file input16.tsv (TSV, C-alpha atoms)
chain	number	residue	atom	x	y	z
F	1	MET	CA	11.22	180.29	149.06
F	2	ARG	CA	7.58	180.68	150.02
F	3	VAL	CA	5.97	177.97	152.15
F	4	VAL	CA	2.19	177.70	152.53
F	5	SER	CA	0.44	175.31	154.90
F	6	GLY	CA	-3.00	175.08	156.49
F	7	ILE	CA	-4.59	173.36	159.46
F	8	GLN	CA	-8.23	172.81	160.28
F	9	PRO	CA	-9.35	174.64	163.43
F	10	THR	CA	-10.20	172.01	165.99
F	11	GLY	CA	-10.89	172.55	169.66
F	12	ASN	CA	-9.39	170.97	172.77
F	13	LEU	CA	-5.81	170.84	171.51
F	14	HIS	CA	-3.58	168.20	173.00
F	15	LEU	CA	-0.04	166.85	173.06
F	16	GLY	CA	-0.63	164.90	169.85
F	17	ASN	CA	-1.49	168.10	167.95
F	18	TYR	CA	1.64	169.80	169.28
F	19	LEU	CA	4.14	167.04	168.56
F	20	GLY	CA	2.39	165.87	165.40
F	21	ALA	CA	2.04	169.16	163.52
F	22	ILE	CA	2.41	172.45	165.36
F	23	ARG	CA	6.02	171.99	166.44
F	24	ASN	CA	7.02	171.25	162.84
F	25	TRP	CA	5.44	174.55	161.76
F	26	VAL	CA	7.52	176.41	164.34
F	27	ARG	CA	10.73	174.74	163.17
F	28	MET	CA	9.86	175.47	159.55
F	29	GLN	CA	9.20	179.13	160.37
F	30	ASP	CA	12.60	179.43	162.02
F	31	ASP	CA	14.46	177.64	159.21
F	32	VAL	CA	12.72	179.33	156.28
F	33	THR	CA	12.82	182.88	157.63
F	34	ALA	CA	16.50	182.44	158.54
F	35	GLN	CA	17.14	181.77	154.84
F	36	GLY	CA	15.20	184.86	153.78
F	37	GLY	CA	12.06	182.94	152.85
F	38	GLN	CA	8.45	183.42	153.91
F	39	CYS	CA	5.87	181.20	155.65
F	40	LEU	CA	2.11	181.57	155.35
F	41	TYR	CA	0.08	179.55	157.83
F	42	PHE	CA	-3.69	179.57	157.60
F	43	LEU	CA	-6.63	178.16	159.51
F	44	ALA	CA	-8.72	176.20	157.04
F	45	ASP	CA	-12.15	177.33	158.22
F	46	LEU	CA	-13.56	177.18	154.68
F	47	HIS	CA	-12.53	173.52	154.51
F	48	ALA	CA	-14.23	172.90	157.86
F	49	ILE	CA	-17.68	173.65	156.43
F	50	SER	CA	-17.40	170.77	153.96
F	51	GLN	CA	-18.57	168.57	156.84
F	52	PRO	CA	-21.42	169.08	159.35
F	53	HIS	CA	-20.36	171.58	161.99
F	54	VAL	CA	-21.64	173.84	164.76
F	55	PRO	CA	-21.06	177.49	163.71
F	56	ALA	CA	-20.38	178.76	167.24
F	57	ASP	CA	-17.85	175.98	167.80
F	58	LEU	CA	-16.08	176.77	164.51
F	59	ALA	CA	-15.67	180.43	165.52
F	60	SER	CA	-14.44	179.48	168.98
F	61	ASN	CA	-12.08	176.80	167.70
F	62	THR	CA	-10.60	179.17	165.11
F	63	ARG	CA	-9.59	181.66	167.79
F	64	GLU	CA	-8.37	178.87	170.07
F	65	MET	CA	-6.16	177.51	167.30
F	66	VAL	CA	-4.62	180.96	166.83
F	67	ALA	CA	-3.88	181.10	170.55
F	68	ALA	CA	-2.29	177.65	170.43
F	69	LEU	CA	-0.13	178.40	167.40
F	70	VAL	CA	1.18	181.63	168.88
F	71	ALA	CA	1.73	180.02	172.29
F	72	CYS	CA	3.71	177.22	170.65
F	73	GLY	CA	6.01	179.64	168.84
F	74	ILE	CA	4.41	180.87	165.61
F	75	ASP	CA	5.38	184.54	165.43
F	76	PRO	CA	2.82	186.72	163.60
F	77	ASP	CA	5.60	189.23	162.93
F	78	ARG	CA	7.71	186.64	161.08
F	79	SER	CA	5.00	184.45	159.55
F	80	ILE	CA	1.68	185.40	157.98
F	81	LEU	CA	-1.02	183.80	160.16
F	82	PHE	CA	-4.64	184.13	159.04
F	83	ASN	CA	-7.91	182.31	158.42
F	84	GLN	CA	-9.26	181.61	154.94
F	85	ALA	CA	-12.60	183.32	155.51
F	86	GLN	CA	-10.89	186.73	155.74
F	87	VAL	CA	-9.16	186.24	152.40
F	88	PRO	CA	-12.01	185.78	149.88
F	89	GLN	CA	-9.49	185.32	147.09
F	90	HIS	CA	-9.22	181.66	148.19
F	91	ALA	CA	-12.84	180.98	147.31
F	92	GLU	CA	-12.66	183.11	144.14
F	93	LEU	CA	-9.66	181.24	142.83
F	94	GLN	CA	-11.24	177.90	143.65
F	95	TRP	CA	-14.14	178.78	141.35
F	96	LEU	CA	-11.78	179.79	138.56
F	97	LEU	CA	-9.83	176.56	138.96
F	98	ASN	CA	-13.01	174.46	138.92
F	99	GLY	CA	-13.02	175.04	135.18
F	100	THR	CA	-9.61	173.41	134.90
F	101	ALA	CA	-9.95	170.55	137.42
F	102	ARG	CA	-11.48	167.35	136.07
F	103	MET	CA	-14.15	165.11	137.60
F	104	GLY	CA	-11.94	162.09	137.05
F	105	TRP	CA	-9.12	163.67	139.03
F	106	LEU	CA	-11.40	164.38	141.98
F	107	ASN	CA	-13.06	160.96	141.84
F	108	ARG	CA	-9.65	159.39	142.41
F	109	MET	CA	-9.00	161.32	145.63
F	110	THR	CA	-8.58	158.75	148.39
F	111	GLN	CA	-9.85	161.09	151.12
F	112	TRP	CA	-13.05	161.71	149.17
F	113	LYS	CA	-13.67	157.97	149.05
F	114	ASP	CA	-12.86	157.56	152.74
F	115	LYS	CA	-14.88	160.51	154.05
F	116	ALA	CA	-17.91	160.05	151.81
F	117	GLY	CA	-17.94	156.29	152.34
F	118	LYS	CA	-21.01	154.60	150.93
F	119	ASN	CA	-23.10	157.77	151.21
F	120	ARG	CA	-21.63	159.66	148.26
F	121	GLU	CA	-25.04	160.89	147.18
F	122	GLY	CA	-25.53	162.44	150.60
F	123	ALA	CA	-22.07	164.05	150.85
F	124	SER	CA	-21.72	167.77	150.27
F	125	VAL	CA	-20.40	169.16	147.00
F	126	ALA	CA	-17.78	170.96	149.11
F	127	LEU	CA	-16.42	167.62	150.34
F	128	PHE	CA	-15.96	166.52	146.72
F	129	THR	CA	-14.38	169.76	145.51
F	130	TYR	CA	-12.34	170.78	148.54
F	131	PRO	CA	-9.09	169.47	146.93
F	132	VAL	CA	-9.58	172.26	144.37
F	133	LEU	CA	-9.79	174.73	147.25
F	134	GLN	CA	-6.58	173.19	148.60
F	135	ALA	CA	-4.99	173.83	145.22
F	136	ALA	CA	-6.21	177.43	145.32
F	137	ASP	CA	-4.80	177.80	148.85
F	138	VAL	CA	-1.24	177.28	147.63
F	139	LEU	CA	-1.38	178.47	144.00
F	140	LEU	CA	-2.86	181.81	145.12
F	141	TYR	CA	0.42	182.71	146.82
F	142	GLN	CA	2.79	181.31	144.19
F	143	ALA	CA	4.00	178.88	146.85
F	144	THR	CA	7.30	177.26	146.06
F	145	HIS	CA	7.00	174.59	148.74
F	146	VAL	CA	4.19	172.88	150.64
F	147	PRO	CA	4.76	170.54	153.60
F	148	VAL	CA	2.84	167.32	153.05
F	149	GLY	CA	2.30	164.17	155.04
F	150	GLU	CA	1.39	160.83	153.54
F	151	ASP	CA	-2.32	161.72	153.49
F	152	GLN	CA	-1.80	164.94	151.50
F	153	LYS	CA	0.65	163.89	148.78
F	154	GLN	CA	-2.19	163.12	146.39
F	155	HIS	CA	-3.73	166.55	146.91
F	156	LEU	CA	-0.46	168.35	146.19
F	157	GLU	CA	-0.11	166.34	142.98
F	158	LEU	CA	-3.59	167.52	142.05
F	159	ALA	CA	-2.56	171.13	142.68
F	160	ARG	CA	0.46	170.66	140.42
F	161	ASP	CA	-1.72	169.08	137.71
F	162	ILE	CA	-4.20	171.96	137.90
F	163	ALA	CA	-1.40	174.54	137.72
F	164	GLN	CA	0.19	172.83	134.73
F	165	LYS	CA	-3.06	172.47	132.80
F	166	PHE	CA	-4.10	176.08	133.53
F	167	ASN	CA	-0.68	177.36	132.42
F	168	ASN	CA	-0.84	175.27	129.24
F	169	ASP	CA	-4.44	176.21	128.40
F	170	PHE	CA	-4.43	179.89	129.29
F	171	GLY	CA	-0.88	181.05	129.97
F	172	ASN	CA	0.02	181.99	126.37
F	173	GLY	CA	3.54	180.78	127.05
F	174	ALA	CA	3.74	182.43	130.48
F	175	GLU	CA	3.52	180.76	133.87
F	176	VAL	CA	0.39	182.01	135.63
F	177	PHE	CA	0.90	179.64	138.57
F	178	THR	CA	4.03	178.25	140.20
F	179	GLN	CA	4.02	174.48	140.60
F	180	PRO	CA	4.91	173.94	144.26
F	181	ASP	CA	7.34	171.28	145.39
F	182	PRO	CA	6.63	169.10	148.42
F	183	ILE	CA	8.45	169.36	151.70
F	184	ILE	CA	8.40	166.03	153.49
F	185	PRO	CA	8.69	166.97	157.17
F	186	ALA	CA	10.84	164.93	159.50
F	187	GLU	CA	8.72	162.04	160.71
F	188	ALA	CA	6.32	163.45	163.26
F	189	ALA	CA	5.88	161.66	166.54
F	190	ARG	CA	2.77	159.48	166.54
F	191	ILE	CA	1.22	160.10	169.95
F	192	MET	CA	-1.15	157.48	171.26
F	193	SER	CA	-3.78	157.44	174.01
F	194	PHE	CA	-2.69	157.09	177.63
F	195	ARG	CA	-5.52	154.55	178.06
F	196	ASP	CA	-4.91	152.48	174.91
F	197	GLY	CA	-1.53	152.36	173.18
F	198	SER	CA	-3.13	151.17	169.94
F	199	ALA	CA	-5.37	154.26	169.53
F	200	LYS	CA	-4.23	157.78	168.63
F	201	MET	CA	-4.48	160.49	171.26
F	202	SER	CA	-7.70	162.27	170.39
F	203	LYS	CA	-9.97	165.02	171.67
F	204	SER	CA	-12.95	162.78	170.89
F	205	ASP	CA	-11.93	160.16	173.45
F	206	PRO	CA	-14.53	160.41	176.25
F	207	SER	CA	-11.81	159.96	178.89
F	208	ASP	CA	-9.87	163.14	179.61
F	209	MET	CA	-7.21	160.92	181.20
F	210	SER	CA	-6.37	159.61	177.72
F	211	ARG	CA	-4.61	162.82	176.68
F	212	ILE	CA	-2.50	165.77	177.79
F	213	ASN	CA	-4.38	168.95	176.90
F	214	LEU	CA	-2.51	172.18	176.23
F	215	THR	CA	-4.70	173.70	178.95
F	216	ASP	CA	-3.62	171.16	181.62
F	217	ASP	CA	-1.67	172.55	184.56
F	218	ALA	CA	1.44	170.93	186.03
F	219	ASP	CA	-0.41	168.87	188.64
F	220	THR	CA	-2.86	167.55	186.06
F	221	ILE	CA	-0.09	166.59	183.64
F	222	MET	CA	1.81	164.72	186.34
F	223	ALA	CA	-1.32	162.92	187.52
F	224	LYS	CA	-2.23	161.81	183.99
F	225	VAL	CA	1.28	160.51	183.29
F	226	LYS	CA	1.38	158.55	186.56
F	227	LYS	CA	-2.00	156.95	185.79
F	228	ALA	CA	-1.17	156.17	182.15
F	229	LYS	CA	-1.67	152.53	181.24
F	230	THR	CA	1.53	150.45	181.20
F	231	ASP	CA	2.58	146.83	181.60
F	232	PRO	CA	4.39	145.20	184.54
F	233	GLU	CA	7.71	144.63	182.76
F	234	PRO	CA	10.71	146.97	183.20
F	235	LEU	CA	11.84	149.08	180.27
F	236	PRO	CA	14.16	147.37	177.78
F	237	SER	CA	17.61	148.72	176.92
F	238	GLU	CA	16.92	148.87	173.16
F	239	LYS	CA	14.01	149.98	171.00
F	240	ALA	CA	13.46	146.47	169.65
F	241	GLY	CA	12.43	145.43	173.14
F	242	LEU	CA	9.33	147.63	172.88
F	243	ASP	CA	7.77	145.40	170.20
F	244	GLY	CA	4.40	144.16	171.39
F	245	ARG	CA	4.32	146.72	174.21
F	246	PRO	CA	2.27	149.60	172.75
F	247	GLU	CA	1.77	151.56	175.98
F	248	ALA	CA	5.45	151.39	176.90
F	249	ALA	CA	6.44	152.33	173.34
F	250	ASN	CA	4.09	155.33	173.47
F	251	LEU	CA	5.54	156.75	176.69
F	252	VAL	CA	9.12	156.23	175.52
F	253	GLY	CA	8.25	157.83	172.17
F	254	ILE	CA	6.76	160.86	173.91
F	255	TYR	CA	9.84	161.26	176.08
F	256	ALA	CA	12.14	161.00	173.05
F	257	ALA	CA	10.09	163.52	171.05
F	258	MET	CA	9.97	166.05	173.88
F	259	ALA	CA	13.65	165.67	174.73
F	260	GLY	CA	14.82	165.67	171.10
F	261	GLU	CA	16.53	162.31	171.58
F	262	SER	CA	16.29	158.93	169.92
F	263	GLN	CA	14.29	156.23	171.64
F	264	ASP	CA	17.46	154.15	171.93
F	265	ALA	CA	19.14	157.02	173.80
F	266	VAL	CA	16.20	157.22	176.20
F	267	LEU	CA	16.28	153.47	176.79
F	268	ALA	CA	20.03	153.50	177.31
F	269	ARG	CA	19.35	155.75	180.29
F	270	PHE	CA	16.20	154.09	181.64
F	271	GLY	CA	16.60	150.48	180.49
F	272	GLY	CA	15.98	148.02	183.31
F	273	GLU	CA	14.02	150.60	185.30
F	274	GLY	CA	10.36	150.24	186.13
F	275	PHE	CA	7.67	152.76	185.32
F	276	GLY	CA	7.73	153.91	188.92
F	277	LYS	CA	10.93	155.77	188.04
F	278	PHE	CA	10.27	156.51	184.37
F	279	LYS	CA	6.80	158.06	184.70
F	280	PRO	CA	7.86	160.83	187.14
F	281	ALA	CA	10.80	161.65	184.85
F	282	LEU	CA	8.45	161.85	181.86
F	283	GLY	CA	5.98	163.96	183.83
F	284	GLU	CA	8.69	166.42	184.86
F	285	LEU	CA	9.90	166.72	181.27
F	286	LEU	CA	6.38	167.40	180.00
F	287	VAL	CA	5.68	169.95	182.73
F	288	GLU	CA	8.96	171.76	182.06
F	289	SER	CA	8.40	171.81	178.30
F	290	LEU	CA	4.69	172.60	178.26
F	291	ALA	CA	4.45	175.06	181.18
F	292	PRO	CA	5.44	178.15	179.12
F	293	ILE	CA	3.13	177.05	176.29
F	294	ASN	CA	0.28	176.43	178.72
F	295	ALA	CA	0.68	179.80	180.41
F	296	ARG	CA	0.76	181.71	177.12
F	297	PHE	CA	-2.10	179.67	175.64
F	298	VAL	CA	-4.39	180.19	178.65
F	299	GLU	CA	-3.62	183.92	178.61
F	300	LEU	CA	-4.15	184.35	174.87
F	301	ARG	CA	-7.32	182.29	174.47
F	302	GLN	CA	-9.08	184.68	176.86
F	303	ASP	CA	-8.10	187.77	174.84
F	304	ARG	CA	-10.48	187.71	171.90
F	305	ALA	CA	-9.46	191.21	170.78
F	306	ALA	CA	-5.80	190.21	170.54
F	307	LEU	CA	-6.62	187.03	168.61
F	308	ASP	CA	-8.85	188.90	166.17
F	309	ALA	CA	-6.11	191.50	165.69
F	310	ILE	CA	-3.60	188.76	164.82
F	311	LEU	CA	-5.97	187.28	162.25
F	312	ARG	CA	-6.86	190.69	160.82
F	313	LYS	CA	-3.21	191.66	160.36
F	314	GLY	CA	-2.37	188.29	158.81
F	315	ALA	CA	-5.32	188.50	156.44
F	316	GLU	CA	-4.29	191.97	155.27
F	317	ASN	CA	-0.81	190.70	154.45
F	318	ALA	CA	-2.20	187.59	152.78
F	319	ARG	CA	-4.60	189.59	150.61
F	320	ALA	CA	-1.76	191.82	149.44
F	321	LEU	CA	0.03	188.73	148.13
F	322	ALA	CA	-3.13	187.07	146.77
F	323	VAL	CA	-4.64	189.87	144.70
F	324	PRO	CA	-1.97	190.03	141.94
F	325	THR	CA	-2.18	186.27	141.31
F	326	LEU	CA	-5.96	186.33	141.21
F	327	GLU	CA	-5.92	189.21	138.72
F	328	LYS	CA	-3.52	187.23	136.52
F	329	ALA	CA	-5.94	184.30	136.57
F	330	TYR	CA	-8.95	186.48	135.68
F	331	ASN	CA	-7.03	188.09	132.82
F	332	ALA	CA	-5.77	184.76	131.51
F	333	LEU	CA	-9.35	183.45	131.38
F	334	GLY	CA	-10.57	186.51	129.46
F	335	LEU	CA	-12.86	187.73	132.21
F	336	VAL	CA	-13.61	191.47	132.06
F	337	ARG	CA	-12.97	193.12	135.42
F	338	GLY	CA	-13.67	196.80	134.73
call {"tool": "encode", "arguments": {"input": "input16.tsv", "output": "structure tokens"}}
result
Amino acid sequence: MRVVSGIQPTGNLHLGNYLGAIRNWVRMQDDVTAQGGQCLYFLADLHAISQPHVPADLASNTREMVAALVACGIDPDRSILFNQAQVPQHAELQWLLNGTARMGWLNRMTQWKDKAGKNREGASVALFTYPVLQAADVLLYQATHVPVGEDQKQHLELARDIAQKFNNDFGNGAEVFTQPDPIIPAEAARIMSFRDGSAKMSKSDPSDMSRINLTDDADTIMAKVKKAKTDPEPLPSEKAGLDGRPEAANLVGIYAAMAGESQDAVLARFGGEGFGKFKPALGELLVESLAPINARFVELRQDRAALDAILRKGAENARALAVPTLEKAYNALGLVRG
């Protein structure tokens, strides 16, 4: 079993990033390696340049994401952790696969339609073709499984279609690429803003009080939880009682996710209580859970040499796996390599 997954390097990581994606990666690492499998996790910095970006921020955010992943539990000695830009085979394979991918397939990509909007003529070519790079990301390593959320199912299907067509057209009866199967992760917690229970927690929110950052210390976390928007009603005893109460539902959902409990179990304990009792309990749980992550993250993000060493080691290991597949693709296409 070989699992491959990528994440775009974004700055100012917060509780939503941790509970929504990073924690699932850690669990997957532990489960897959325990079964003798292998996980490759990469920072999708090549994907990031499909949209306008600030180069200095991209470099900084890439290192910060490494620090966050390691602080949260990704072990570079058990998983291969790297950034795409240090493994040029990703970009090479994308070009080779561009000959197999079809315009019609890419035109149907929902994310292309959403991100380009009405300005398709002004969108970058990279934004249109980045699903082919996503296919290269996983096919390059003969991935057997790829974790996908609802928004990525279509892209994995594209990768499977590209692999199948390439194998049929150029494989001469052999399988050049493995067709990866999806892993549907356990439903990730949907973490909303502390200022508006109908909006996702986001780094782009101008109010820092809307989110718990991974860099927040214990006092800051507790202060933000206590000032989080709520309503005047006490907590219900069952989850159904949270309907129409987005802020209350958000705080209960965060507690349940951090404690590894169901929301009904949390409400069985706190039902009938006001937020004056629940918020301090939630704050203490967050501080206890995030303090080790915060300490490690703050330490690591200041050590550029250590972060670069992690990426360099991961890239070396990734290239060792990538080169044989890329050579197979070149040979299948009849390209002379000397």
call {"tool": "closest_residue", "arguments": {"input": "input16.tsv", "among": "F:Leu335, F:Ala101, F:Val323, F:Ala305", "to": "Arg160 in chain F", "atoms": "all atoms listed in the file"}}
result
F:Ala101
call {"tool": "closest_residue", "arguments": {"input": "input16.tsv", "among": "F:Ile162, F:Ala174, F:Leu307, F:Ala322", "to": "Arg63 in chain F", "atoms": "all atoms listed in the file"}}
result
F:Leu307
call {"tool": "atom_distance", "arguments": {"input": "input16.tsv", "atom1": "CA of Asp217 in chain F", "atom2": "CA of Val287 in chain F"}}
result
8.0 Å
call {"tool": "closest_residue", "arguments": {"input": "input16.tsv", "among": "F:Thr100, F:Gln29, F:Gln152, F:Ser50", "to": "Val3 in chain F", "atoms": "all atoms listed in the file"}}
result
F:Gln29
call {"tool": "residues_around", "arguments": {"input": "input16.tsv", "residues": "Val225 in chain F", "least_positions_apart": "2", "cutoff": "8 Å", "atoms": "all atoms listed in the file", "output": "list in words"}}
result
Phe194, Ile221, Met222, Ala223, Lys227, Ala228, Lys279, Pro280, Leu282 and Gly283 of chain F
call {"tool": "closest_residue", "arguments": {"input": "input16.tsv", "among": "F:Leu81, F:Met258, F:Leu96, F:Val298", "to": "Glu64 in chain F", "atoms": "all atoms listed in the file"}}
result
F:Val298
call {"tool": "residues_around", "arguments": {"input": "input16.tsv", "residues": "Gly20 in chain F", "least_positions_apart": "3", "cutoff": "8 Å", "atoms": "only C-alpha atoms", "output": "list of chain:residue names"}}
result
F:Gly16, F:Asn17, F:Arg23, F:Asn24, F:Ala188, F:Ala189, F:Arg190, F:Ile191
call {"tool": "atom_distance", "arguments": {"input": "input16.tsv", "atom1": "CA of Ala306 in chain F", "atom2": "CA of Lys203 in chain F"}}
result
25.6 Å
call {"tool": "atom_distance", "arguments": {"input": "input16.tsv", "atom1": "CA of Ala199 in chain F", "atom2": "CA of Pro246 in chain F"}}
result
9.5 Å
call {"tool": "axis_aligned_box", "arguments": {"input": "input16.tsv", "around": "range 275-293 of chain F", "padding_each_side": "5 Å", "output": "lines of an AutoDock Vina configuration file"}}
result
center_x = 7.0
center_y = 165.5
center_z = 182.6
size_x = 17.8
size_y = 35.4
size_z = 22.6
